[in-house]
$ cat input.tsv   # TSV, C-alpha atoms and all ligand atoms
chain	number	residue	atom	x	y	z
A	1	MET	CA	-11.39	20.06	1.07
A	2	GLY	CA	-9.07	20.20	4.08
A	3	LYS	CA	-6.17	22.59	3.75
A	4	SER	CA	-3.90	21.42	6.51
A	5	VAL	CA	-1.33	18.69	6.87
A	6	THR	CA	-1.84	15.93	9.41
A	7	PRO	CA	1.57	14.51	10.28
A	8	ALA	CA	1.43	10.80	9.47
A	9	GLY	CA	2.20	8.13	12.02
A	10	PHE	CA	4.88	5.65	10.99
A	11	SER	CA	5.26	1.89	10.93
A	12	ILE	CA	7.72	-0.52	9.34
A	13	GLY	CA	7.79	-4.18	8.43
A	14	GLY	CA	9.94	-6.24	10.81
A	15	TRP	CA	11.09	-8.05	7.68
A	16	CYS	CA	12.59	-4.78	6.39
A	17	GLY	CA	14.77	-4.19	9.43
A	18	THR	CA	16.10	-7.73	9.56
A	19	ASN	CA	16.59	-8.09	5.80
A	20	PRO	CA	20.16	-9.35	5.39
A	21	GLY	CA	20.71	-7.47	2.12
A	22	GLY	CA	21.45	-10.50	-0.03
A	23	ASP	CA	20.32	-10.66	-3.65
A	24	PRO	CA	20.18	-13.46	-6.22
A	25	PHE	CA	23.85	-12.82	-7.01
A	26	GLY	CA	25.26	-11.84	-3.64
A	27	ASP	CA	25.48	-13.15	-0.09
A	28	ALA	CA	24.02	-11.49	2.99
A	29	VAL	CA	25.81	-8.30	3.97
A	30	ARG	CA	24.35	-7.74	7.42
A	31	ASN	CA	23.00	-9.82	10.27
A	32	ILE	CA	20.54	-7.87	12.37
A	33	GLY	CA	18.08	-10.03	14.29
A	34	MET	CA	14.55	-9.00	15.27
A	35	ASP	CA	15.44	-8.09	18.86
A	36	ALA	CA	18.35	-5.92	17.72
A	37	PHE	CA	16.10	-4.29	15.11
A	38	LEU	CA	13.39	-3.51	17.67
A	39	GLU	CA	16.04	-2.00	19.92
A	40	VAL	CA	17.10	0.34	17.10
A	41	LEU	CA	13.50	1.06	16.11
A	42	GLY	CA	12.69	2.19	19.64
A	43	THR	CA	15.18	5.05	19.25
A	44	THR	CA	13.41	6.45	16.15
A	45	ALA	CA	10.11	8.17	15.38
A	46	ILE	CA	8.71	4.93	13.91
A	47	LYS	CA	6.58	3.62	16.73
A	48	ARG	CA	4.82	0.70	15.01
A	49	VAL	CA	6.02	-2.57	13.56
A	50	SER	CA	4.44	-5.36	11.52
A	51	PHE	CA	5.31	-9.01	11.10
A	52	HIS	CA	4.76	-12.00	8.87
A	53	ASP	CA	4.30	-15.27	10.75
A	54	ARG	CA	7.51	-16.46	9.11
A	55	ASP	CA	9.51	-13.46	10.35
A	56	LEU	CA	9.00	-14.85	13.85
A	57	TRP	CA	8.75	-18.65	13.67
A	58	PRO	CA	9.16	-21.42	11.09
A	59	ASP	CA	6.01	-22.42	9.18
A	60	ASP	CA	5.91	-25.80	10.92
A	61	ALA	CA	6.71	-24.52	14.42
A	62	ALA	CA	5.07	-26.38	17.30
A	63	PRO	CA	2.28	-24.43	19.04
A	64	ALA	CA	4.38	-24.15	22.21
A	65	LEU	CA	7.16	-22.38	20.31
A	66	VAL	CA	4.67	-20.02	18.66
A	67	THR	CA	3.22	-19.13	22.07
A	68	GLU	CA	6.69	-18.53	23.46
A	69	VAL	CA	7.73	-16.31	20.53
A	70	ILE	CA	4.50	-14.32	20.71
A	71	GLY	CA	5.12	-13.66	24.40
A	72	HIS	CA	8.74	-12.69	23.78
A	73	THR	CA	7.89	-10.43	20.82
A	74	LYS	CA	5.16	-8.64	22.74
A	75	GLU	CA	7.53	-8.13	25.65
A	76	ARG	CA	10.31	-6.77	23.37
A	77	CYS	CA	7.90	-4.42	21.61
A	78	SER	CA	6.54	-3.01	24.81
A	79	ALA	CA	10.06	-2.67	26.28
A	80	THR	CA	11.20	-0.70	23.22
A	81	GLY	CA	8.00	1.36	23.00
A	82	VAL	CA	6.83	-0.05	19.68
A	83	GLU	CA	3.23	-1.05	18.93
A	84	ILE	CA	2.45	-4.16	16.87
A	85	TYR	CA	0.47	-2.75	13.96
A	86	ASN	CA	-0.12	-5.34	11.22
A	87	PHE	CA	0.23	-9.08	11.02
A	88	THR	CA	0.33	-11.13	7.86
A	89	SER	CA	0.55	-14.68	6.62
A	90	ASN	CA	3.56	-15.24	4.42
A	91	ASN	CA	1.89	-17.29	1.70
A	92	PHE	CA	4.77	-16.98	-0.72
A	93	SER	CA	8.08	-18.25	0.72
A	94	ASN	CA	7.28	-21.87	1.58
A	95	PRO	CA	8.01	-24.18	-1.38
A	96	CYS	CA	4.48	-25.59	-1.03
A	97	PHE	CA	3.25	-22.29	-2.51
A	98	ARG	CA	5.31	-22.53	-5.68
A	99	SER	CA	2.15	-23.02	-7.76
A	100	GLY	CA	0.23	-20.26	-5.92
A	101	ALA	CA	-1.50	-20.20	-2.55
A	102	PHE	CA	-5.26	-19.52	-2.39
A	103	SER	CA	-5.35	-19.77	-6.18
A	104	SER	CA	-3.14	-22.81	-6.72
A	105	PRO	CA	-4.64	-25.34	-9.15
A	106	PHE	CA	-3.96	-28.00	-6.49
A	107	PRO	CA	-6.58	-28.41	-3.72
A	108	GLN	CA	-4.09	-29.48	-1.03
A	109	VAL	CA	-2.09	-26.31	-1.64
A	110	ARG	CA	-5.23	-24.16	-1.40
A	111	ALA	CA	-6.03	-25.92	1.88
A	112	ALA	CA	-2.52	-25.15	3.17
A	113	ALA	CA	-3.02	-21.47	2.32
A	114	ILE	CA	-6.33	-21.38	4.18
A	115	VAL	CA	-4.93	-23.11	7.27
A	116	LYS	CA	-1.93	-20.78	7.32
A	117	GLY	CA	-4.12	-17.75	6.68
A	118	CYS	CA	-6.56	-18.56	9.49
A	119	ASN	CA	-3.66	-19.22	11.88
A	120	ALA	CA	-2.38	-15.75	10.98
A	121	VAL	CA	-5.81	-14.26	11.70
A	122	ASP	CA	-5.67	-15.83	15.19
A	123	HIS	CA	-2.14	-14.56	15.73
A	124	ALA	CA	-3.02	-11.07	14.50
A	125	ASN	CA	-5.73	-10.99	17.14
A	126	GLU	CA	-3.39	-12.32	19.82
A	127	PHE	CA	-0.84	-9.64	18.98
A	128	GLY	CA	-3.51	-6.94	19.12
A	129	ALA	CA	-2.69	-6.00	15.52
A	130	LYS	CA	-5.05	-3.67	13.65
A	131	HIS	CA	-4.97	-5.20	10.18
A	132	VAL	CA	-4.15	-8.43	8.42
A	133	ILE	CA	-2.36	-7.83	5.13
A	134	TRP	CA	-2.84	-10.23	2.24
A	135	TRP	CA	-0.15	-9.91	-0.37
A	136	GLY	CA	-0.79	-12.54	-3.01
A	137	GLY	CA	2.74	-12.70	-4.31
A	138	ARG	CA	2.43	-16.24	-5.61
A	139	GLU	CA	-1.09	-15.93	-6.98
A	140	GLY	CA	-0.50	-16.13	-10.70
A	141	SER	CA	1.65	-17.88	-13.22
A	142	ASP	CA	5.14	-17.88	-14.61
A	143	GLY	CA	3.83	-17.82	-18.14
A	144	ALA	CA	2.11	-21.18	-18.64
A	145	TYR	CA	-1.41	-19.80	-18.04
A	146	GLU	CA	-1.98	-23.12	-16.31
A	147	GLN	CA	-5.55	-22.34	-15.30
A	148	ASP	CA	-8.39	-20.13	-16.42
A	149	ALA	CA	-7.49	-16.65	-15.12
A	150	GLY	CA	-11.03	-15.91	-13.93
A	151	LEU	CA	-11.14	-19.19	-12.03
A	152	GLY	CA	-7.77	-18.35	-10.49
A	153	LEU	CA	-9.09	-14.97	-9.36
A	154	ALA	CA	-12.20	-16.59	-7.88
A	155	ARG	CA	-10.07	-19.12	-5.99
A	156	TYR	CA	-7.81	-16.35	-4.70
A	157	MET	CA	-10.69	-14.21	-3.47
A	158	LEU	CA	-12.77	-17.08	-2.05
A	159	GLY	CA	-9.79	-18.46	-0.13
A	160	LEU	CA	-9.28	-15.00	1.29
A	161	LYS	CA	-12.99	-14.78	2.04
A	162	ILE	CA	-12.78	-17.86	4.24
A	163	CYS	CA	-9.99	-16.25	6.27
A	164	VAL	CA	-11.93	-12.98	6.60
A	165	ARG	CA	-15.11	-14.81	7.62
A	166	TYR	CA	-13.12	-16.89	10.07
A	167	GLY	CA	-12.00	-13.71	11.84
A	168	LEU	CA	-15.51	-12.26	11.80
A	169	GLU	CA	-16.96	-15.44	13.27
A	170	LYS	CA	-14.37	-15.33	16.04
A	171	GLY	CA	-15.42	-11.77	16.82
A	172	TYR	CA	-12.03	-10.23	16.01
A	173	LYS	CA	-11.97	-6.51	15.26
A	174	LEU	CA	-9.49	-6.90	12.42
A	175	ILE	CA	-9.52	-5.09	9.08
A	176	HIS	CA	-8.16	-7.07	6.15
A	177	THR	CA	-6.20	-5.45	3.37
A	178	VAL	CA	-5.23	-6.72	-0.04
A	179	GLU	CA	-1.81	-5.52	-1.13
A	180	PRO	CA	-1.61	-5.41	-4.90
A	181	LYS	CA	1.49	-5.69	-7.01
A	182	VAL	CA	1.52	-5.60	-10.78
A	183	TYR	CA	3.80	-8.64	-11.08
A	184	GLU	CA	6.58	-10.42	-9.22
A	185	PRO	CA	7.63	-12.80	-7.77
A	186	ARG	CA	5.50	-14.74	-10.26
A	187	LEU	CA	6.01	-13.16	-13.61
A	188	LEU	CA	2.33	-13.08	-14.44
A	189	ALA	CA	0.78	-12.04	-11.16
A	190	LEU	CA	-2.49	-11.71	-12.95
A	191	TYR	CA	-4.88	-11.57	-10.07
A	192	ALA	CA	-5.69	-8.14	-8.68
A	193	GLY	CA	-2.57	-6.71	-10.31
A	194	THR	CA	-3.22	-3.04	-9.56
A	195	GLY	CA	-4.96	-1.22	-6.73
A	196	ALA	CA	-7.86	-0.51	-9.06
A	197	SER	CA	-8.27	-4.14	-10.04
A	198	ALA	CA	-7.90	-5.27	-6.40
A	199	ALA	CA	-10.66	-2.82	-5.43
A	200	SER	CA	-12.86	-4.16	-8.18
A	201	ALA	CA	-12.30	-7.78	-7.10
A	202	ILE	CA	-13.05	-6.91	-3.47
A	203	ARG	CA	-16.29	-5.20	-4.43
A	204	HIS	CA	-17.29	-8.25	-6.46
A	205	TYR	CA	-16.41	-11.01	-4.00
A	206	PHE	CA	-17.09	-9.23	-0.68
A	207	ASN	CA	-20.35	-7.52	-1.52
A	208	GLU	CA	-22.39	-8.80	1.46
A	209	PRO	CA	-23.05	-6.20	4.20
A	210	ALA	CA	-21.02	-8.18	6.78
A	211	PHE	CA	-17.86	-7.28	4.84
A	212	ALA	CA	-18.58	-3.56	4.44
A	213	GLY	CA	-15.39	-1.61	5.19
A	214	ARG	CA	-13.66	-4.82	6.34
A	215	VAL	CA	-11.64	-5.55	3.22
A	216	LEU	CA	-9.66	-2.66	1.77
A	217	VAL	CA	-6.63	-2.06	-0.41
A	218	ASN	CA	-3.18	-1.25	0.99
A	219	PRO	CA	-1.09	-0.08	-1.91
A	220	GLU	CA	2.68	0.17	-1.90
A	221	TYR	CA	3.87	3.48	-3.30
A	222	PRO	CA	5.74	4.08	-5.40
A	223	GLN	CA	7.27	0.59	-5.75
A	224	HIS	CA	4.38	-1.68	-6.71
A	225	VAL	CA	2.99	0.82	-9.19
A	226	MET	CA	6.04	2.47	-10.69
A	227	MET	CA	7.81	-0.83	-11.24
A	228	LEU	CA	5.54	-1.08	-14.28
A	229	ASN	CA	5.68	2.63	-15.06
A	230	LEU	CA	2.11	3.12	-13.91
A	231	ASP	CA	1.21	6.19	-11.87
A	232	PRO	CA	0.58	5.90	-8.11
A	233	VAL	CA	-1.15	9.26	-7.87
A	234	PHE	CA	-4.04	8.29	-10.12
A	235	GLU	CA	-4.46	4.93	-8.43
A	236	LEU	CA	-4.45	6.65	-5.03
A	237	GLY	CA	-7.04	9.18	-6.16
A	238	GLN	CA	-9.32	6.37	-7.26
A	239	LEU	CA	-8.93	4.40	-4.02
A	240	LEU	CA	-9.68	7.49	-1.94
A	241	GLU	CA	-12.64	8.50	-4.07
A	242	GLU	CA	-14.10	5.00	-3.89
A	243	GLY	CA	-13.47	4.58	-0.16
A	244	MET	CA	-11.24	1.56	-0.79
A	245	LEU	CA	-7.97	2.83	0.71
A	246	ALA	CA	-6.75	1.10	3.87
A	247	PRO	CA	-5.89	3.22	6.91
A	248	PHE	CA	-2.23	2.74	5.94
A	249	ILE	CA	-0.04	2.61	2.86
A	250	HIS	CA	3.30	1.00	2.21
A	251	PHE	CA	6.02	3.39	1.15
A	252	GLY	CA	9.59	3.26	-0.10
A	253	GLY	CA	11.79	4.15	-3.06
A	254	GLN	CA	11.61	2.81	-6.61
A	255	ILE	CA	13.41	3.33	-9.87
A	256	ALA	CA	10.60	3.46	-12.45
A	257	GLY	CA	10.34	0.47	-14.75
A	258	ARG	CA	12.57	-1.85	-12.67
A	259	MET	CA	11.83	-4.93	-10.61
A	260	ASP	CA	10.60	-4.10	-7.08
A	261	CYS	CA	13.51	-2.05	-5.64
A	262	ASP	CA	12.29	-1.39	-2.06
A	263	LEU	CA	14.95	1.29	-1.82
A	264	PRO	CA	14.98	3.87	0.98
A	265	PRO	CA	12.28	6.52	0.40
A	266	GLY	CA	13.47	9.07	-2.11
A	267	PHE	CA	16.10	6.78	-3.66
A	268	GLY	CA	15.48	6.47	-7.38
A	269	SER	CA	12.06	8.06	-7.01
A	270	ASN	CA	10.34	10.97	-8.67
A	271	VAL	CA	10.02	13.64	-5.96
A	272	TYR	CA	7.19	15.35	-7.84
A	273	THR	CA	5.17	12.11	-7.76
A	274	ASP	CA	6.04	11.43	-4.11
A	275	PHE	CA	4.94	14.98	-3.27
A	276	MET	CA	1.66	14.41	-5.11
A	277	ILE	CA	1.03	11.24	-3.07
A	278	VAL	CA	1.35	13.22	0.17
A	279	LEU	CA	-0.68	16.13	-1.26
A	280	THR	CA	-3.47	13.81	-2.41
A	281	LEU	CA	-3.70	12.15	1.01
A	282	ASN	CA	-3.75	15.44	2.88
A	283	ARG	CA	-6.15	17.13	0.51
A	284	ARG	CA	-8.60	14.37	1.37
A	285	GLY	CA	-7.93	14.69	5.09
A	286	TRP	CA	-6.54	11.14	5.27
A	287	ARG	CA	-5.39	10.34	8.81
A	288	GLY	CA	-3.42	7.22	8.22
A	289	VAL	CA	-0.16	5.48	8.89
A	290	VAL	CA	2.78	5.32	6.53
A	291	GLU	CA	4.30	1.87	6.84
A	292	PHE	CA	7.77	1.72	5.34
A	293	ASP	CA	8.13	-1.45	3.29
A	294	CYS	CA	11.66	-0.99	2.06
A	295	ARG	CA	15.11	-1.71	3.35
A	296	PRO	CA	18.58	-0.31	3.59
A	297	PRO	CA	20.58	-0.76	0.40
A	298	ARG	CA	23.14	-3.53	0.21
A	299	THR	CA	25.86	-1.07	1.11
A	300	THR	CA	24.41	-0.53	4.59
A	301	THR	CA	25.86	-3.09	6.98
A	302	SER	CA	25.63	-1.89	10.59
A	303	CYS	CA	23.03	-0.92	13.20
A	304	GLN	CA	24.30	2.64	12.87
A	305	GLY	CA	23.56	2.48	9.17
A	306	LEU	CA	20.13	1.02	9.93
A	307	THR	CA	19.41	3.95	12.24
A	308	GLY	CA	20.35	6.34	9.45
A	309	PHE	CA	18.04	4.51	7.07
A	310	LEU	CA	15.09	4.70	9.49
A	311	ASN	CA	15.61	8.37	10.30
A	312	GLY	CA	16.09	9.10	6.62
A	313	ALA	CA	12.77	7.44	5.77
A	314	VAL	CA	10.94	9.54	8.36
A	315	GLY	CA	12.82	12.66	7.28
A	316	TYR	CA	11.86	12.19	3.64
A	317	TRP	CA	8.15	11.89	4.45
A	318	ARG	CA	8.28	14.86	6.85
A	319	MET	CA	10.06	16.89	4.16
A	320	LEU	CA	7.21	16.09	1.75
A	321	GLU	CA	4.68	17.10	4.41
A	322	ASP	CA	6.48	20.42	4.87
A	323	LYS	CA	6.28	21.01	1.13
A	324	VAL	CA	2.58	20.18	1.15
A	325	ALA	CA	2.06	22.65	4.02
A	326	ALA	CA	3.87	25.28	1.92
A	327	TYR	CA	1.62	24.40	-1.02
A	328	PHE	CA	-1.54	24.86	1.09
A	329	ALA	CA	-0.23	28.23	2.33
A	330	ASP	CA	0.76	29.50	-1.11
A	331	ALA	CA	-1.37	32.33	-2.52
A	332	GLN	CA	-0.39	31.64	-6.14
A	333	ILE	CA	-1.39	28.01	-5.77
A	334	ALA	CA	-4.72	29.10	-4.31
A	335	ASP	CA	-5.32	31.29	-7.40
A	336	LEU	CA	-4.25	28.55	-9.78
A	337	GLU	CA	-6.40	25.96	-8.04
A	338	GLY	CA	-9.27	28.44	-8.24
A	339	ALA	CA	-8.77	28.70	-12.00
A	340	LEU	CA	-8.58	24.93	-12.32
A	341	THR	CA	-11.73	24.17	-10.33
A	342	ALA	CA	-13.97	27.01	-11.49
A	343	ASP	CA	-17.72	26.25	-11.44
A	344	GLU	CA	-16.96	22.80	-10.25
A	345	ASP	CA	-19.47	20.26	-11.48
A	346	SER	CA	-22.28	22.76	-12.13
A	347	THR	CA	-23.06	21.29	-15.53
A	348	VAL	CA	-22.69	17.65	-14.67
A	349	GLY	CA	-24.31	18.11	-11.27
A	350	SER	CA	-27.42	19.77	-12.59
A	351	LEU	CA	-27.71	17.30	-15.46
A	352	LEU	CA	-27.59	14.35	-13.11
A	353	ALA	CA	-30.01	15.98	-10.69
A	354	ALA	CA	-32.52	16.75	-13.44
A	355	SER	CA	-35.56	14.49	-13.70
A	356	SER	CA	-34.76	13.93	-17.37
A	357	VAL	CA	-31.15	13.80	-18.53
A	358	ALA	CA	-32.34	13.88	-22.14
A	359	LYS	CA	-34.16	17.16	-21.48
A	360	GLY	CA	-31.10	18.58	-19.76
A	361	VAL	CA	-28.82	17.53	-22.61
A	362	GLY	CA	-31.27	19.12	-25.04
A	363	GLN	CA	-30.90	22.40	-23.13
A	364	LEU	CA	-27.13	22.06	-23.14
A	365	ARG	CA	-27.18	21.49	-26.91
A	366	ALA	CA	-29.38	24.52	-27.46
A	367	ASN	CA	-26.96	26.74	-25.51
A	368	PHE	CA	-23.82	25.19	-27.03
A	369	LYS	CA	-21.67	27.78	-28.79
A	370	GLY	CA	-19.47	25.38	-30.76
A	371	PHE	CA	-16.09	23.75	-30.25
A	372	ALA	CA	-14.05	26.83	-31.10
A	373	ALA	CA	-15.77	28.64	-28.22
A	374	ALA	CA	-15.13	25.63	-25.97
A	375	ALA	CA	-11.45	25.87	-26.85
A	376	ASP	CA	-11.37	29.50	-25.75
A	377	VAL	CA	-10.15	28.82	-22.21
A	378	ASN	CA	-6.82	29.67	-20.61
A	379	THR	CA	-5.23	26.25	-20.34
A	380	ASP	CA	-1.80	27.90	-19.86
A	381	VAL	CA	-2.74	27.79	-16.22
A	382	ILE	CA	-1.87	24.08	-16.17
A	383	GLU	CA	1.76	24.68	-17.01
A	384	ALA	CA	1.85	27.60	-14.60
A	385	TYR	CA	0.54	25.23	-11.93
A	386	GLN	CA	3.31	22.72	-12.64
A	387	ARG	CA	5.95	25.46	-12.46
A	388	ARG	CA	4.64	26.73	-9.15
A	389	VAL	CA	4.44	23.24	-7.64
A	390	MET	CA	7.99	22.54	-8.79
A	391	SER	CA	9.23	25.79	-7.27
A	392	ILE	CA	7.60	24.85	-3.96
A	393	ILE	CA	9.15	21.38	-4.05
A	394	THR	CA	12.59	22.74	-4.87
A	395	GLY	CA	12.29	25.58	-2.35
A	396	THR	CA	12.74	28.22	-5.03
A	397	ALA	CA	9.23	29.73	-4.85
A	398	LYS	CA	9.34	33.50	-4.57
B	401	LIG	C1	6.39	-7.44	-1.53
B	401	LIG	C2	5.72	-6.79	-0.39
B	401	LIG	C3	5.45	-7.68	0.76
B	401	LIG	C4	4.23	-7.29	1.53
B	401	LIG	C5	4.12	-8.07	2.78
B	401	LIG	C6	2.88	-7.71	3.54
B	401	LIG	C7	7.32	-8.77	1.71
B	401	LIG	O1	6.72	-6.59	-2.52
B	401	LIG	O2	5.47	-5.61	-0.42
B	401	LIG	O3	6.58	-7.60	1.61
B	401	LIG	O4	4.21	-5.95	1.86
B	401	LIG	O5	4.12	-9.41	2.47
B	401	LIG	O6	2.15	-8.73	3.84
B	402	MG	MG	4.57	-4.04	0.78
$ encode --input "input.tsv" --output "structure tokens"
Amino acid sequence: MGKSVTPAGFSIGGWCGTNPGGDPFGDAVRNIGMDAFLEVLGTTAIKRVSFHDRDLWPDDAAPALVTEVIGHTKERCSATGVEIYNFTSNNFSNPCFRSGAFSSPFPQVRAAAIVKGCNAVDHANEFGAKHVIWWGGREGSDGAYEQDAGLGLARYMLGLKICVRYGLEKGYKLIHTVEPKVYEPRLLALYAGTGASAASAIRHYFNEPAFAGRVLVNPEYPQHVMMLNLDPVFELGQLLEEGMLAPFIHFGGQIAGRMDCDLPPGFGSNVYTDFMIVLTLNRRGWRGVVEFDCRPPRTTTSCQGLTGFLNGAVGYWRMLEDKVAAYFADAQIADLEGALTADEDSTVGSLLAASSVAKGVGQLRANFKGFAAAADVNTDVIEAYQRRVMSIITGTAK
């Protein structure tokens, strides 16, 4: 296990910077266009940006307009020193996707999703983006269960598969990532609702060798997980262990148990959990990019405020990295970790390596001293671990 912190690189969705701050009950509170946002971004430590097609041109834009906007956007990004990182098809805003996109029960809607998706794959390549994100916001139901859920999942994944194969056939070096969300905007976003279920669906539908390592999961922490009071740290551990984590994650702030907040990092969040996300990534030697997918709150209205938001997002992550570095350097933590990982896997490892598990289990049984003896371990160390971690996070460790 690596014991050092690799400072993450940063990215942000173009849609975050230009978000006008309106909500279902309130008008827009700011008007910052993409060029103005890129200008601001260039002054910060966030040197990557990502776009949906729809952030840049209308869904029915003529090819000449698309070409012009691509040229202009590339020029603006290079002038402001920002790299285009991800590109994605917005398959959720257009009214045609109100019944779903790849998974819609209606064939002409599924066709629209595939056309739009493949266009996005072309544009991702033209922009020199690294990944195409697939967030299936509309894949699901608002409560009618209007089609068999397994069939819906198959339609979702097979539509996506066409887009991925399209890119492969064209020889593009793109990685595709599925971004899970437990629900919202459709109230029963049943398909690939968590990172774990997305990983499972990818393994099932993309099991041919041509897709190996090409379709991964980009989670959004803590928002998409904590909005349902699930735990991002356990999901992250699974994705890392199974090799299903994308080279980037989305990050922001979330009040647990609420609709997707997309608040600035640290707002409403659990710092202990956020710390554990950064610790888990660094423990595994992850060298990825943190893409902020969040926006200034409604009370932020100016470019100056936007700059503060961007610097604050970077500062929060860097603060967590500093805490993780302190954790790695802490002698008490080293002792506690030692106590918590003693004789790692010796029993399970030797049992699985044995030619006969039954024989091995027989041996284990013969040597077994009873449950009272098994209980005779110092589990107080777990609480001591929590206290030490908390004192590192709060800067009160002595
Ligand atoms: C919604 C999201 C999306 C995705 C984006 C990427 C609008 O909660 O997180 O942001 O990140 O569509 O493709
Ligand atoms: Mg996101």
$ closest_residue --input "input.tsv" --among "A:Ile249, A:Val271, A:Ala8, A:Leu263" --to "ligand MG 402 (chain B)" --atoms "all atoms listed in the file"
A:Ile249
$ closest_residue --input "input.tsv" --among "A:Val289, A:Ile84, A:Val314, A:Ile333" --to "Pro265 of chain A" --atoms "all atoms listed in the file"
A:Val314
$ atom_distance --input "input.tsv" --atom1 "atom CA of Tyr385 of chain A" --atom2 "atom CA of Thr280 of chain A"
15.4 Å
$ closest_residue --input "input.tsv" --among "A:Gly349, A:Gly159, A:Pro95, A:Gly137" --to "Pro107 of chain A" --atoms "only C-alpha atoms"
A:Gly159
$ atom_distance --input "input.tsv" --atom1 "atom CA of Arg258 of chain A" --atom2 "atom CA of Pro24 of chain A"
15.3 Å
$ closest_residue --input "input.tsv" --among "A:His131, A:Arg54, A:His250, A:Arg76" --to "Glu39 of chain A" --atoms "all atoms listed in the file"
A:Arg76
$ residues_near_ligand --input "input.tsv" --ligand "ligand LIG 401 (chain B)" --cutoff "10 Å" --atoms "only C-alpha atoms and all ligand atoms" --output "JSON, numbers by chain"
{"A": [12, 13, 14, 15, 16, 50, 51, 52, 53, 86, 87, 88, 89, 90, 91, 92, 93, 132, 133, 134, 135, 136, 137, 177, 178, 179, 180, 181, 182, 183, 184, 185, 218, 219, 220, 221, 223, 224, 249, 250, 251, 252, 259, 260, 261, 262, 291, 292, 293, 294]}
$ closest_residue --input "input.tsv" --among "A:Asn282, A:Asn119, A:Asn125, A:Ser103" --to "Asp148 of chain A" --atoms "all atoms listed in the file"
A:Ser103
$ closest_residue --input "input.tsv" --among "A:Ala201, A:Ala342, A:Met34, A:Leu239" --to "Gly150 of chain A" --atoms "only C-alpha atoms"
A:Ala201
$ residues_around --input "input.tsv" --residues "Gly26 of chain A" --least-positions-apart "6" --cutoff "12 Å" --atoms "only C-alpha atoms" --output "CSV table (one decimal) with C-alpha atoms, in the coordinates of the input"
chain,number,residue,atom,x,y,z
A,20,PRO,CA,20.2,-9.4,5.4
A,298,ARG,CA,23.1,-3.5,0.2
A,299,THR,CA,25.9,-1.1,1.1
$ atom_distance --input "input.tsv" --atom1 "atom CA of Asp27 of chain A" --atom2 "atom CA of Pro297 of chain A"
13.3 Å
$ residues_around --input "input.tsv" --residues "Ala111 of chain A" --least-positions-apart "4" --cutoff "10 Å" --atoms "all atoms listed in the file" --output "ChimeraX atom specification"
/A:101-102,104,106-107,115-117,159
$ residues_near_point --input "input.tsv" --point "(-12.0, -6.6, 10.3)" --cutoff "10 Å" --atoms "only C-alpha atoms" --output "MDAnalysis selection string"
chainID A and resid 121 130:132 164:165 167:168 171:177 210:216
$ residues_around --input "input.tsv" --residues "Val278 of chain A" --least-positions-apart "3" --cutoff "9 Å" --atoms "only C-alpha atoms" --output "list of chain:residue names"
A:Thr273, A:Asp274, A:Phe275, A:Leu281, A:Asn282, A:Arg283, A:Trp317, A:Leu320, A:Glu321, A:Val324
